[in-house]
Every structure is written in C-alpha cells, then in structure tokens.
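Student: Structure file model-v8.pdb (PDB, C-alpha atoms) right here:
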```pdb
ATOM      1  CA  MET Q  92     -26.006 -23.424  -2.927
ATOM      2  CA  PHE Q  93     -24.601 -24.493   0.444
ATOM      3  CA  ILE Q  94     -21.390 -23.218   1.998
ATOM      4  CA  LEU Q  95     -19.503 -23.643   5.237
ATOM      5  CA  ALA Q  96     -18.949 -20.659   7.496
ATOM      6  CA  GLU Q  97     -16.318 -20.612  10.207
ATOM      7  CA  MET Q  98     -17.509 -19.004  13.402
ATOM      8  CA  LYS Q  99     -16.375 -18.522  16.960
ATOM      9  CA  ASN Q 100     -18.635 -18.355  19.964
ATOM     10  CA  VAL Q 101     -18.551 -18.403  23.742
ATOM     11  CA  THR Q 102     -21.011 -21.164  24.482
ATOM     12  CA  ARG Q 103     -22.730 -21.350  27.839
ATOM     13  CA  ILE Q 104     -23.535 -24.842  29.076
ATOM     14  CA  MET Q 105     -26.169 -25.059  31.764
ATOM     15  CA  PRO Q 106     -25.316 -27.278  34.759
ATOM     16  CA  GLU Q 107     -28.191 -29.610  33.898
ATOM     17  CA  ASN Q 108     -26.266 -30.565  30.749
ATOM     18  CA  PHE Q 109     -23.001 -31.343  32.534
ATOM     19  CA  ASN Q 110     -23.795 -35.058  32.283
ATOM     20  CA  MET Q 111     -23.442 -34.838  28.503
ATOM     21  CA  LYS Q 112     -20.111 -34.959  26.741
ATOM     22  CA  LEU Q 113     -18.846 -31.395  26.278
ATOM     23  CA  ASN Q 114     -18.802 -31.705  22.480
ATOM     24  CA  ASP Q 115     -22.382 -32.945  22.382
ATOM     25  CA  ALA Q 116     -23.602 -30.288  24.787
ATOM     26  CA  ILE Q 117     -21.936 -27.577  22.695
ATOM     27  CA  ALA Q 118     -23.368 -29.001  19.476
ATOM     28  CA  VAL Q 119     -26.868 -28.886  20.970
ATOM     29  CA  GLU Q 120     -26.352 -25.317  22.168
ATOM     30  CA  LEU Q 121     -25.012 -24.116  18.823
ATOM     31  CA  ASN Q 122     -27.849 -25.738  16.928
ATOM     32  CA  ASN Q 123     -30.410 -24.222  19.299
ATOM     33  CA  LYS Q 124     -28.829 -20.855  18.743
ATOM     34  CA  LEU Q 125     -28.373 -20.933  14.978
ATOM     35  CA  ALA Q 126     -30.455 -23.549  13.168
ATOM     36  CA  ASN Q 127     -33.025 -22.050  10.792
ATOM     37  CA  LYS Q 128     -31.852 -18.520  11.516
ATOM     38  CA  VAL Q 129     -30.319 -15.940   9.236
ATOM     39  CA  VAL Q 130     -26.963 -14.470  10.197
ATOM     40  CA  LEU Q 131     -26.512 -11.030   8.684
ATOM     41  CA  ASN Q 132     -24.300 -11.119   5.580
ATOM     42  CA  VAL Q 133     -23.653 -14.827   6.033
ATOM     43  CA  GLY Q 134     -26.863 -16.620   5.077
ATOM     44  CA  LEU Q 135     -29.462 -19.026   6.381
ATOM     45  CA  CYS Q 136     -27.987 -21.413   8.950
ATOM     46  CA  ILE Q 137     -28.907 -25.056   8.439
ATOM     47  CA  ALA Q 138     -26.962 -27.267  10.853
ATOM     48  CA  LEU Q 139     -23.640 -27.618  12.649
ATOM     49  CA  PHE Q 140     -21.015 -29.231  10.419
ATOM     50  CA  ASP Q 141     -18.174 -29.769  12.879
ATOM     51  CA  ILE Q 142     -16.381 -28.280  15.855
ATOM     52  CA  THR Q 143     -12.855 -27.261  14.882
ATOM     53  CA  GLY Q 144     -11.517 -25.976  18.165
ATOM     54  CA  LEU Q 145     -12.291 -25.945  21.868
ATOM     55  CA  LYS Q 146     -10.561 -23.775  24.446
ATOM     56  CA  GLU Q 147     -10.711 -24.417  28.180
ATOM     57  CA  SER Q 148     -14.024 -23.759  29.910
ATOM     58  CA  PHE Q 149     -14.575 -21.007  32.442
ATOM     59  CA  ILE Q 150     -16.867 -20.590  35.386
ATOM     60  CA  ILE Q 151     -17.942 -17.071  36.132
ATOM     61  CA  PRO Q 152     -18.722 -16.078  39.740
ATOM     62  CA  GLY Q 153     -22.429 -16.104  40.383
ATOM     63  CA  ASP Q 154     -23.219 -18.391  37.479
ATOM     64  CA  GLY Q 155     -23.285 -22.164  37.712
ATOM     65  CA  ALA Q 156     -22.951 -22.626  33.994
ATOM     66  CA  SER Q 157     -19.666 -23.164  32.192
ATOM     67  CA  HIS Q 158     -18.476 -20.978  29.332
ATOM     68  CA  THR Q 159     -16.391 -22.421  26.539
ATOM     69  CA  ILE Q 160     -14.770 -20.658  23.608
ATOM     70  CA  VAL Q 161     -15.485 -22.796  20.578
ATOM     71  CA  THR Q 162     -14.652 -22.462  16.895
ATOM     72  CA  PHE Q 163     -16.890 -24.380  14.544
ATOM     73  CA  ARG Q 164     -18.121 -24.694  10.988
ATOM     74  CA  TYR Q 165     -21.776 -24.339  10.146
ATOM     75  CA  ILE Q 166     -23.676 -25.346   7.021
ATOM     76  CA  ILE Q 167     -25.126 -22.202   5.484
ATOM     77  CA  PHE Q 168     -27.591 -21.805   2.645
ATOM     78  CA  ARG Q 169     -26.260 -19.029   0.479
ATOM     79  CA  PRO Q 170     -26.368 -19.468  -3.277
ATOM     80  CA  PHE Q 171     -23.711 -17.570  -5.193
ATOM     81  CA  MET Q 172     -24.655 -14.965  -7.747
ATOM     82  CA  GLU Q 173     -25.631 -16.375 -11.145
ATOM     83  CA  GLU Q 174     -26.285 -19.813  -9.631
ATOM     84  CA  ILE Q 175     -29.059 -21.797 -11.270
ATOM     85  CA  LEU Q 176     -31.548 -23.250  -8.780
ATOM     86  CA  VAL Q 177     -34.749 -25.242  -9.104
ATOM     87  CA  GLY Q 178     -37.657 -24.377  -6.832
ATOM     88  CA  LYS Q 179     -41.421 -24.443  -6.682
ATOM     89  CA  ILE Q 180     -43.743 -21.520  -7.316
ATOM     90  CA  ARG Q 181     -45.298 -20.467  -4.027
ATOM     91  CA  CYS Q 182     -47.654 -17.869  -5.465
ATOM     92  CA  CYS Q 183     -47.920 -15.134  -8.074
ATOM     93  CA  SER Q 184     -48.702 -11.504  -7.402
ATOM     94  CA  GLN Q 185     -48.355  -8.140  -9.086
ATOM     95  CA  GLU Q 186     -44.822  -7.922  -7.670
ATOM     96  CA  GLY Q 187     -43.774 -11.040  -9.544
ATOM     97  CA  VAL Q 188     -43.434 -14.755  -9.003
ATOM     98  CA  HIS Q 189     -42.687 -15.943  -5.460
ATOM     99  CA  VAL Q 190     -40.570 -19.083  -5.369
ATOM    100  CA  SER Q 191     -39.910 -21.452  -2.490
ATOM    101  CA  LEU Q 192     -37.255 -24.114  -1.981
ATOM    102  CA  GLY Q 193     -39.201 -25.689   0.872
ATOM    103  CA  PHE Q 194     -36.765 -24.578   3.537
ATOM    104  CA  PHE Q 195     -36.342 -21.078   2.128
ATOM    105  CA  ASP Q 196     -39.294 -19.008   0.925
ATOM    106  CA  ASP Q 197     -38.067 -15.499   0.271
ATOM    107  CA  ILE Q 198     -37.283 -15.651  -3.426
ATOM    108  CA  LEU Q 199     -38.912 -13.206  -5.816
ATOM    109  CA  ILE Q 200     -38.713 -13.068  -9.569
ATOM    110  CA  PRO Q 201     -39.800  -9.514 -10.447
ATOM    111  CA  PRO Q 202     -41.914  -8.853 -13.585
ATOM    112  CA  ASN Q 203     -38.979  -7.383 -15.521
ATOM    113  CA  ALA Q 204     -37.006 -10.605 -15.019
ATOM    114  CA  LEU Q 205     -39.725 -12.881 -16.444
ATOM    115  CA  GLN Q 206     -39.716 -14.205 -19.982
ATOM    116  CA  HIS Q 207     -40.630 -11.441 -22.404
ATOM    117  CA  PRO Q 208     -43.529 -10.705 -22.983
ATOM    118  CA  SER Q 209     -45.228 -11.826 -19.783
ATOM    119  CA  LYS Q 210     -48.514 -10.625 -18.371
ATOM    120  CA  PHE Q 211     -50.282 -10.961 -15.046
ATOM    121  CA  ASN Q 212     -53.656 -12.640 -15.370
ATOM    122  CA  GLU Q 213     -55.956 -11.103 -12.742
ATOM    123  CA  THR Q 214     -58.652 -13.788 -12.867
ATOM    124  CA  GLU Q 215     -56.222 -16.700 -12.580
ATOM    125  CA  GLN Q 216     -53.887 -14.747 -10.287
ATOM    126  CA  ALA Q 217     -50.977 -16.133 -12.248
ATOM    127  CA  TRP Q 218     -48.274 -14.837 -14.544
ATOM    128  CA  MET Q 219     -48.275 -16.093 -18.092
ATOM    129  CA  TRP Q 220     -45.685 -15.957 -20.814
ATOM    130  CA  GLU Q 221     -47.235 -14.937 -24.131
ATOM    131  CA  TYR Q 222     -45.095 -17.213 -26.209
ATOM    132  CA  ASP Q 223     -44.993 -16.281 -29.877
ATOM    133  CA  THR Q 224     -45.331 -19.515 -31.828
ATOM    134  CA  GLY Q 225     -43.843 -17.912 -34.918
ATOM    135  CA  ASP Q 226     -46.947 -18.035 -37.133
ATOM    136  CA  GLY Q 227     -48.533 -14.934 -35.636
ATOM    137  CA  ASN Q 228     -50.319 -16.869 -32.929
ATOM    138  CA  LYS Q 229     -49.700 -16.537 -29.254
ATOM    139  CA  HIS Q 230     -49.524 -19.352 -26.811
ATOM    140  CA  ASN Q 231     -50.135 -18.470 -23.176
ATOM    141  CA  LEU Q 232     -47.821 -20.375 -20.874
ATOM    142  CA  PHE Q 233     -49.100 -20.102 -17.308
ATOM    143  CA  MET Q 234     -46.968 -20.105 -14.189
ATOM    144  CA  ASP Q 235     -49.153 -21.802 -11.581
ATOM    145  CA  SER Q 236     -48.314 -22.272  -7.939
ATOM    146  CA  GLY Q 237     -46.719 -25.639  -7.289
ATOM    147  CA  ASP Q 238     -44.946 -25.769 -10.651
ATOM    148  CA  CYS Q 239     -41.226 -26.541 -10.636
ATOM    149  CA  ILE Q 240     -39.271 -23.566 -11.878
ATOM    150  CA  ARG Q 241     -35.621 -23.129 -12.789
ATOM    151  CA  PHE Q 242     -34.195 -19.674 -12.181
ATOM    152  CA  ARG Q 243     -30.945 -17.753 -11.955
ATOM    153  CA  VAL Q 244     -30.062 -15.964  -8.720
ATOM    154  CA  THR Q 245     -29.326 -12.331  -9.587
ATOM    155  CA  ALA Q 246     -29.282 -10.503  -6.263
ATOM    156  CA  GLU Q 247     -29.429 -11.027  -2.528
ATOM    157  CA  THR Q 248     -30.549  -8.670   0.206
ATOM    158  CA  PHE Q 249     -29.787  -8.833   3.901
ATOM    159  CA  THR Q 250     -31.871  -6.727   6.269
ATOM    160  CA  GLU Q 251     -31.021  -5.989   9.863
ATOM    161  CA  THR Q 252     -33.952  -7.256  11.907
ATOM    162  CA  ALA Q 253     -32.586  -6.691  15.381
ATOM    163  CA  PRO Q 254     -35.201  -5.084  17.576
ATOM    164  CA  THR Q 255     -34.973  -1.322  17.712
ATOM    165  CA  GLY Q 256     -35.768   0.889  20.644
ATOM    166  CA  PRO Q 257     -39.256   2.277  21.067
ATOM    167  CA  ILE Q 258     -40.115   5.031  18.665
ATOM    168  CA  MET Q 259     -41.017   8.082  20.679
ATOM    169  CA  GLY Q 260     -44.322   9.727  19.970
ATOM    170  CA  ILE Q 261     -45.943   7.104  17.801
ATOM    171  CA  GLN Q 262     -47.815   4.568  19.866
ATOM    172  CA  GLU Q 263     -49.579   1.354  18.998
ATOM    173  CA  THR Q 264     -47.916   0.834  15.671
ATOM    174  CA  GLN Q 265     -47.445  -2.757  14.678
ATOM    175  CA  GLU Q 266     -44.175  -4.467  15.495
ATOM    176  CA  PRO Q 267     -41.621  -3.134  13.036
ATOM    177  CA  GLY Q 268     -39.651  -6.382  13.003
ATOM    178  CA  GLU Q 269     -42.734  -8.428  12.166
ATOM    179  CA  ASN Q 270     -42.722  -8.176   8.393
ATOM    180  CA  LYS Q 271     -39.043  -7.600   7.794
ATOM    181  CA  VAL Q 272     -37.397 -10.345   5.816
ATOM    182  CA  PRO Q 273     -33.807 -10.891   6.980
ATOM    183  CA  TYR Q 274     -32.514 -12.549   3.827
ATOM    184  CA  SER Q 275     -34.155 -12.524   0.432
ATOM    185  CA  LEU Q 276     -33.085 -13.497  -3.061
ATOM    186  CA  THR Q 277     -33.987 -12.043  -6.413
ATOM    187  CA  GLY Q 278     -34.135 -14.353  -9.394
ATOM    188  CA  SER Q 279     -34.573 -14.086 -13.127
ATOM    189  CA  ILE Q 280     -35.935 -16.423 -15.778
ATOM    190  CA  ASN Q 281     -35.573 -14.312 -18.928
ATOM    191  CA  GLU Q 282     -33.189 -16.663 -20.705
ATOM    192  CA  PRO Q 283     -33.883 -19.696 -22.844
ATOM    193  CA  GLY Q 284     -33.959 -22.800 -20.642
ATOM    194  CA  LEU Q 285     -35.158 -20.966 -17.558
ATOM    195  CA  GLY Q 286     -38.696 -20.992 -16.200
ATOM    196  CA  ILE Q 287     -41.167 -23.818 -15.701
ATOM    197  CA  LEU Q 288     -39.331 -27.098 -16.297
ATOM    198  CA  SER Q 289     -42.026 -28.516 -18.599
ATOM    199  CA  TRP Q 290     -41.602 -25.559 -21.019
ATOM    200  CA  TRP Q 291     -38.281 -26.962 -22.148
ATOM    201  CA  ASP Q 292     -38.940 -30.686 -21.945
ATOM    202  CA  THR Q 293     -39.517 -31.212 -25.620
TER     203      THR Q 293
ATOM    204  CA  MET K 215     -20.524 -14.583  18.246
ATOM    205  CA  GLU K 216     -17.847 -13.857  15.745
ATOM    206  CA  ILE K 217     -17.667 -14.741  12.075
ATOM    207  CA  ILE K 218     -14.157 -15.869  11.211
ATOM    208  CA  ASN K 219     -14.815 -16.757   7.607
ATOM    209  CA  ALA K 220     -18.251 -16.362   6.065
ATOM    210  CA  ASN K 221     -17.346 -18.619   3.172
ATOM    211  CA  ALA K 222     -14.777 -21.177   4.236
ATOM    212  CA  ALA K 223     -15.782 -23.842   1.720
ATOM    213  CA  THR K 224     -18.479 -24.794  -0.718
ATOM    214  CA  LEU K 225     -20.532 -27.915  -0.179
ATOM    215  CA  SER K 226     -22.281 -29.945  -2.813
ATOM    216  CA  ASN K 227     -25.920 -30.832  -2.298
ATOM    217  CA  PHE K 228     -24.851 -34.441  -1.858
ATOM    218  CA  GLU K 229     -22.590 -33.601   1.085
ATOM    219  CA  VAL K 230     -25.337 -31.598   2.778
ATOM    220  CA  LEU K 231     -27.822 -34.410   2.195
ATOM    221  CA  LYS K 232     -25.519 -36.981   3.789
ATOM    222  CA  HIS K 233     -24.749 -34.740   6.745
ATOM    223  CA  LEU K 234     -28.416 -33.965   7.417
ATOM    224  CA  GLN K 235     -29.351 -37.636   7.137
ATOM    225  CA  LYS K 236     -26.713 -38.372   9.749
ATOM    226  CA  ILE K 237     -28.232 -35.752  12.049
ATOM    227  CA  LYS K 238     -31.716 -37.111  11.477
ATOM    228  CA  ASP K 239     -30.680 -40.712  12.126
ATOM    229  CA  SER K 240     -28.656 -39.964  15.249
ATOM    230  CA  LYS K 241     -30.049 -41.448  18.430
ATOM    231  CA  ARG K 242     -30.620 -38.158  20.169
ATOM    232  CA  LYS K 243     -34.022 -36.600  19.663
ATOM    233  CA  HIS K 244     -33.796 -33.259  17.959
ATOM    234  CA  LYS K 245     -36.368 -30.669  18.586
ATOM    235  CA  GLY K 246     -37.239 -27.142  17.641
ATOM    236  CA  GLN K 247     -35.648 -25.291  14.780
ATOM    237  CA  LEU K 248     -32.980 -27.888  13.985
ATOM    238  CA  ALA K 249     -35.636 -30.549  13.444
ATOM    239  CA  THR K 250     -37.651 -28.189  11.248
ATOM    240  CA  ILE K 251     -34.806 -27.084   9.039
ATOM    241  CA  THR K 252     -33.300 -30.562   8.614
ATOM    242  CA  TYR K 253     -36.711 -31.959   7.711
ATOM    243  CA  GLU K 254     -37.441 -29.222   5.170
ATOM    244  CA  THR K 255     -33.981 -29.238   3.647
ATOM    245  CA  LEU K 256     -33.951 -33.028   3.386
ATOM    246  CA  ARG K 257     -37.329 -32.950   1.707
ATOM    247  CA  TYR K 258     -35.963 -30.539  -0.882
ATOM    248  CA  LEU K 259     -32.702 -32.422  -1.428
ATOM    249  CA  GLU K 260     -34.400 -35.804  -1.705
ATOM    250  CA  GLU K 261     -36.217 -34.530  -4.762
ATOM    251  CA  THR K 262     -32.974 -33.581  -6.492
ATOM    252  CA  PRO K 263     -30.686 -35.998  -8.365
ATOM    253  CA  CYS K 264     -28.143 -35.880  -5.519
ATOM    254  CA  LYS K 265     -30.056 -38.522  -3.562
ATOM    255  CA  ASP K 266     -28.716 -41.234  -5.883
ATOM    256  CA  GLN K 267     -25.146 -39.991  -6.068
ATOM    257  CA  THR K 268     -22.174 -41.613  -4.363
ATOM    258  CA  PRO K 269     -18.845 -40.013  -3.377
ATOM    259  CA  GLN K 270     -17.019 -42.379  -5.731
ATOM    260  CA  LYS K 271     -19.181 -41.475  -8.714
ATOM    261  CA  ILE K 272     -18.852 -37.751  -8.035
ATOM    262  CA  ALA K 273     -15.075 -37.984  -7.742
ATOM    263  CA  ASN K 274     -14.794 -39.994 -10.962
ATOM    264  CA  CYS K 275     -17.157 -37.689 -12.761
ATOM    265  CA  LEU K 276     -15.137 -34.627 -11.734
ATOM    266  CA  LYS K 277     -12.004 -36.347 -13.023
ATOM    267  CA  ALA K 278     -13.699 -37.000 -16.325
ATOM    268  CA  LEU K 279     -14.772 -33.356 -16.534
ATOM    269  CA  GLN K 280     -11.251 -32.058 -15.955
ATOM    270  CA  PRO K 281     -10.244 -31.606 -19.615
ATOM    271  CA  PHE K 282     -13.040 -29.118 -20.252
ATOM    272  CA  ASN K 283     -11.544 -26.255 -18.233
ATOM    273  CA  LEU K 284     -14.678 -25.523 -16.282
ATOM    274  CA  SER K 285     -14.656 -23.285 -13.234
ATOM    275  CA  LYS K 286     -15.283 -24.651  -9.754
ATOM    276  CA  THR K 287     -18.791 -23.224  -9.555
ATOM    277  CA  GLU K 288     -19.682 -24.563 -12.989
ATOM    278  CA  LYS K 289     -18.603 -28.037 -11.986
ATOM    279  CA  LEU K 290     -20.514 -27.705  -8.737
ATOM    280  CA  MET K 291     -23.702 -26.881 -10.635
ATOM    281  CA  LEU K 292     -23.116 -29.770 -13.046
ATOM    282  CA  ILE K 293     -22.970 -32.102 -10.035
ATOM    283  CA  ASN K 294     -25.841 -30.513  -8.108
ATOM    284  CA  THR K 295     -28.220 -30.282 -11.040
ATOM    285  CA  PRO K 296     -26.881 -32.551 -13.792
ATOM    286  CA  PRO K 297     -28.118 -31.219 -17.118
ATOM    287  CA  THR K 298     -29.516 -33.502 -19.783
ATOM    288  CA  THR K 299     -29.782 -31.085 -22.723
ATOM    289  CA  PRO K 300     -27.294 -28.776 -24.471
ATOM    290  CA  LEU K 301     -29.590 -25.873 -23.573
ATOM    291  CA  GLU K 302     -29.044 -26.488 -19.864
ATOM    292  CA  ILE K 303     -25.260 -26.572 -20.379
ATOM    293  CA  GLN K 304     -25.573 -23.169 -22.005
ATOM    294  CA  LEU K 305     -27.200 -21.862 -18.819
ATOM    295  CA  LEU K 306     -24.734 -23.413 -16.414
ATOM    296  CA  VAL K 307     -21.508 -22.648 -18.243
ATOM    297  CA  GLU K 308     -20.675 -19.029 -18.830
ATOM    298  CA  GLU K 309     -20.059 -18.158 -22.495
ATOM    299  CA  SER K 310     -20.372 -21.833 -23.319
ATOM    300  CA  GLU K 311     -20.693 -21.146 -27.046
ATOM    301  CA  GLU K 312     -17.191 -19.731 -27.118
ATOM    302  CA  LYS K 313     -15.641 -22.040 -24.573
ATOM    303  CA  LEU K 314     -17.081 -25.347 -25.744
ATOM    304  CA  THR K 315     -17.680 -26.882 -29.120
ATOM    305  CA  GLU K 316     -20.848 -28.799 -29.854
ATOM    306  CA  GLU K 317     -18.993 -32.102 -29.542
ATOM    307  CA  GLN K 318     -17.609 -31.077 -26.173
ATOM    308  CA  VAL K 319     -21.096 -30.193 -24.925
ATOM    309  CA  GLN K 320     -22.274 -33.621 -26.039
ATOM    310  CA  GLN K 321     -19.269 -35.213 -24.349
ATOM    311  CA  ILE K 322     -20.141 -33.492 -21.056
ATOM    312  CA  LEU K 323     -23.728 -34.689 -21.328
ATOM    313  CA  ASP K 324     -22.511 -38.219 -22.042
ATOM    314  CA  ILE K 325     -20.145 -38.158 -19.072
ATOM    315  CA  LEU K 326     -22.909 -36.965 -16.739
ATOM    316  CA  ALA K 327     -25.332 -39.557 -18.073
ATOM    317  CA  GLU K 328     -22.698 -42.243 -17.638
ATOM    318  CA  TYR K 329     -21.962 -41.454 -13.995
ATOM    319  CA  PHE K 330     -25.468 -40.414 -13.013
ATOM    320  CA  PRO K 331     -27.690 -42.622 -15.198
ATOM    321  CA  PHE K 332     -30.747 -41.831 -13.071
ATOM    322  CA  ILE K 333     -30.948 -38.280 -14.422
ATOM    323  CA  VAL K 334     -32.000 -39.413 -17.867
ATOM    324  CA  PRO K 335     -35.522 -40.760 -17.259
ATOM    325  CA  GLU K 336     -36.257 -37.507 -15.424
ATOM    326  CA  LYS K 337     -36.876 -36.011 -18.802
ATOM    327  CA  ILE K 338     -39.912 -38.124 -19.480
ATOM    328  CA  LYS K 339     -42.559 -36.071 -17.809
ATOM    329  CA  VAL K 340     -46.123 -35.417 -18.793
ATOM    330  CA  GLU K 341     -46.238 -32.235 -20.775
ATOM    331  CA  GLU K 342     -48.458 -29.928 -18.908
ATOM    332  CA  ASN K 343     -51.163 -28.365 -20.920
ATOM    333  CA  SER K 344     -50.684 -24.701 -20.397
ATOM    334  CA  ASN K 345     -53.914 -23.443 -21.843
TER     335      ASN K 345
END
```
How would this structure read if it were set down as structure tokens?
Tutor:
Amino acid sequence: MFILAEMKNVTRIMPENFNMKLNDAIAVELNNKLANKVVLNVGLCIALFDITGLKESFIIPGDGASHTIVTFRYIIFRPFMEEILVGKIRCCSQEGVHVSLGFFDDILIPPNALQHPSKFNETEQAWMWEYDTGDGNKHNLFMDSGDCIRFRVTAETFTETAPTGPIMGIQETQEPGENKVPYSLTGSINEPGLGILSWWDT
Amino acid sequence: MEIINANAATLSNFEVLKHLQKIKDSKRKHKGQLATITYETLRYLEETPCKDQTPQKIANCLKALQPFNLSKTEKLMLINTPPTTPLEIQLLVEESEEKLTEEQVQQILDILAEYFPFIVPEKIKVEENSN
C-alpha cells in the first residue's frame, strides 16, 4: 500500500529560514512542496521519510536564497496491482461504488466488477447484491455509504493535470484542470470474501 | 525535481504509522498539506490492526511464515491486514488452493492469531441487517 520513492531536487531555502538547521529547513520545504500531492506515475505523496544525500549549497546572483541539491526518500501511497485493501463506501452512483480510504478518495468499483448479480436501487441510491439464497429466494444485500468494504485493486490511472495554455477561440469555459483527477484507482469485489465486511462475518 | 527510483522499497502500514506519529509528535508545528495528510492517514491506519503491532512481533511472525513459500507482497498483506478466516487467505494468496493445503492455511491463521491476538475479537461484529 505504501512505498518509498527516491527523488532528487534542488531545494531553495529562503533567507528567513537560515536560522534553522539545513536538514530541518529542507525537510520543511520538501514537505510543503510534496505532501498530499500526486506525482505523475509515482503516486500520492504522504510525508518525507529521510534525506539520503546533501550536496553543497549555492547562492545565485540576484537571489538571497540558497539552493541545495538534495536526494531524499518520500513515503508514497501507491497500492500494487491485485492488492487487497479495506476502505469505506463514500457514495454509490450509476457509475459504480465510490470508495474512500480517508486520505485518498478516488477509488471506483465499476458495476461490472461488483458481485454478480448486482443492481442499482434508484430510490435508495445504493447498489445491492441480489444474493441467491439457494432456495429460489433472493436476498438483497445493500452497499450503503459508510460501510467498510474490502476490495481488490485492479487498475490505476494517472492523468496529467498541469495547466495548459489558453484554448484559442473558446472563451469562458470552466477551468479544464478543475475536475481532472490526477490519480485514481479501479477496484473489484466480484470474488468470494470481497465486498462489505459484514457479508462474510458468519 | 527528478525521480531516481519510483519504487525504492515497500513499507508496511506499521512503519508508516510509526513514522507519521513521529511527525505528528515532533515539537515543530506542522501546517498546511502535511498536517492534513498525516492526520487523515493516521486516522485510517489507527483503525487497522497495525496500531497494535510491534517490530519484534512482526519480525517473529515473518520468521514463522517462512516455511510457507509466500511471496513478499503476500506476506506484506498478511501483516497489513491479518486474515482470520481461510476465505481471506484465499484472497490474499494467489492460487492458494494449489500452493497450500488446508492444514497449512490453518497453520498460517494460527501463527497470525498467535502474534497478533488482537485481530481475533475483530470478528465479533453486529451483523448488519441488509434488508
């Protein structure tokens, strides 16, 4: 679920932070830069793990700040494929079940990856698994928001969200970067043992 | 910024929990995104069994699991989300029916329950009425 990524950066320390120890100042800078952000094809950055290397610092003419080349390791959230995770249902919609881990919200279990047969209940706005009890009866197992759900990670998608230049011609369109999700996961629960935890308690 | 190695190592939930607790308890006030993400991640991790683990127990448990020929990721999942039923083992271990006998599955469950005894009462939950 969590990995370490090795990265290298030229970190700029403002003069007002020169009273701090260099390591501390760099740690603050790196965390300001990366914490809670998605790095393309790496994952969601959580926190600095350690600094593995520091080169000498430079001062550039016209700038009072110092620049230091630093190599470091960062804690990244990036589950591997086929990993089993437990999360909470955020909401259900026609597109499937949206799951959240609290710190990461962009997980979708599409309808074709739900237990079979599952149906979307319009009035309850929830997916339900029409569980066949074996004697011809059906038992509707609802997936309500807030329920704990165990799922398998089946795919991940990274999207470039860097701002693009203005699109000529079309004016007053909404910000294109606004609704882009930089990192999203696709899950599946169509295996015995997966789904709402209480389904399998007995 | 340059990525030298996007996947240098894998961390267990326990290691992340300990590291984030250290950040949270450090004297310096954290603000902004770091405070948000550590708070949210800690809240998630504190609900998982890893909050009661210790490095010693994990190391001993991994030693005890050695004879079963499990892959690194399988062992990681066993530690992160210790299963309590054979069904969960089936999910975590690829082709477990071929790789493990029923006794071996039971042995793994016993080992996990021995080192992480707190996972067992987790099972006693109120069955939610799904009608």
Student: Starting from the shown file, work through the PyMOL selection byres ((chain K and resi 283) around 12) and note down what comes out as number ranges by chain.
Tutor: K: 276-282, 284-289, 307-308, 310, 313-314, 318, 322
Student: Using all atoms listed in the file, what does the table of chain Q residues within 7 Å of chain K look like, with each row giving the shortest atom pair and its distance in Å to one decimal, sorted by chain and ascending number, as a tab-separated table?
Tutor:
```
residue	atom	partner	partner_atom	distance
Q:Phe93	CA	K:Leu225	CA	5.4
Q:Ile94	CA	K:Thr224	CA	4.3
Q:Leu95	CA	K:Ala223	CA	5.1
Q:Ala96	CA	K:Ala220	CA	4.6
Q:Glu97	CA	K:Asn219	CA	4.9
Q:Met98	CA	K:Ile217	CA	4.5
Q:Lys99	CA	K:Glu216	CA	5.0
Q:Asn100	CA	K:Met215	CA	4.6
Q:Val101	CA	K:Met215	CA	7.0
Q:Asn122	CA	K:Leu248	CA	6.3
Q:Asn123	CA	K:Leu248	CA	6.9
Q:Ala126	CA	K:Leu248	CA	5.1
Q:Asn127	CA	K:Ile251	CA	5.6
Q:Val133	CA	K:Ala220	CA	5.6
Q:Ile137	CA	K:Ile251	CA	6.3
Q:Ala138	CA	K:Leu248	CA	6.8
Q:Ile175	CA	K:Leu306	CA	6.9
Q:Leu192	CA	K:Tyr258	CA	6.6
Q:Gly193	CA	K:Glu254	CA	5.8
Q:Phe194	CA	K:Glu254	CA	5.0
Q:Asn231	CA	K:Asn345	CA	6.4
Q:Leu232	CA	K:Ser344	CA	5.2
Q:Phe233	CA	K:Ser344	CA	5.8
Q:Gly284	CA	K:Leu301	CA	6.1
Q:Ser289	CA	K:Glu341	CA	6.0
Q:Asp292	CA	K:Lys337	CA	6.5
```
Student: Report the distance between atom CA of His230 of chain Q and atom CA of Gln185 of chain Q in Å, rounded to one decimal place.
Tutor: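 If I compute the distance from atom CA of His230 of chain Q to atom CA of Gln185 of chain Q, I get 21.0 Å.
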Student: Please write as a list in words the full residue list that the PyMOL selection byres ((chain K and resi 328) around 12) yields on this file.
Tutor: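 Given this file, the PyMOL selection byres ((chain K and resi 328) around 12) evaluates to Lys271, Ile272, Asn274, Cys275, Ala278, Leu279, Pro296, Thr298, Gln321, Ile322, Leu323, Asp324, Ile325, Leu326, Ala327, Tyr329, Phe330, Pro331, Phe332, Ile333 and Val334 of chain K.
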Student: Produce the centre coordinates and the three edge lengths, each in Å to one decimal, of the box along x, y and z that contains all listed atoms of segment 270-276 of chain K with 3 Å added on each side, as JSON.
Tutor:
```
{"center_x": -17.0, "center_y": -38.5, "center_z": -9.2, "size_x": 10.4, "size_y": 13.8, "size_z": 13.0}
```
Student: Counting only C-alpha atoms, select every polymer residue within 8 Å of (-34.0, -23.7, -10.1) as defined in the file's coordinates, and provide the selection as a PyMOL selection string.
Tutor: chain Q and resi 175-178+239-243
Student: Under the PyMOL selection byres ((chain Q and resi 106) around 9), which residues of this model are included? Write them out as an mmCIF file with C-alpha atoms, keeping the file's coordinate frame.
Tutor:
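Written out: part32.cif:
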```
data_model
loop_
_atom_site.group_PDB
_atom_site.id
_atom_site.type_symbol
_atom_site.label_atom_id
_atom_site.label_comp_id
_atom_site.auth_asym_id
_atom_site.auth_seq_id
_atom_site.Cartn_x
_atom_site.Cartn_y
_atom_site.Cartn_z
ATOM 1 C CA ILE Q 104 -23.535 -24.842 29.076
ATOM 2 C CA MET Q 105 -26.169 -25.059 31.764
ATOM 3 C CA GLU Q 107 -28.191 -29.610 33.898
ATOM 4 C CA ASN Q 108 -26.266 -30.565 30.749
ATOM 5 C CA PHE Q 109 -23.001 -31.343 32.534
ATOM 6 C CA ASN Q 110 -23.795 -35.058 32.283
ATOM 7 C CA GLY Q 155 -23.285 -22.164 37.712
ATOM 8 C CA ALA Q 156 -22.951 -22.626 33.994
ATOM 9 C CA SER Q 157 -19.666 -23.164 32.192
#
```
Student: Within 8 Å of Ala246 of chain Q, counting only C-alpha atoms, which residues show up once you throw out same-chain ones fewer than 6 positions away? Write them as a PyMOL selection string, please.
Tutor: chain Q and resi 172+276-278
Student: So how many Å separate atom CA of Glu311 of chain K and atom CA of Glu173 of chain Q, to one decimal?
Tutor: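 Atom-to-atom, atom CA of Glu311 of chain K and atom CA of Glu173 of chain Q are spaced 17.3 Å apart.
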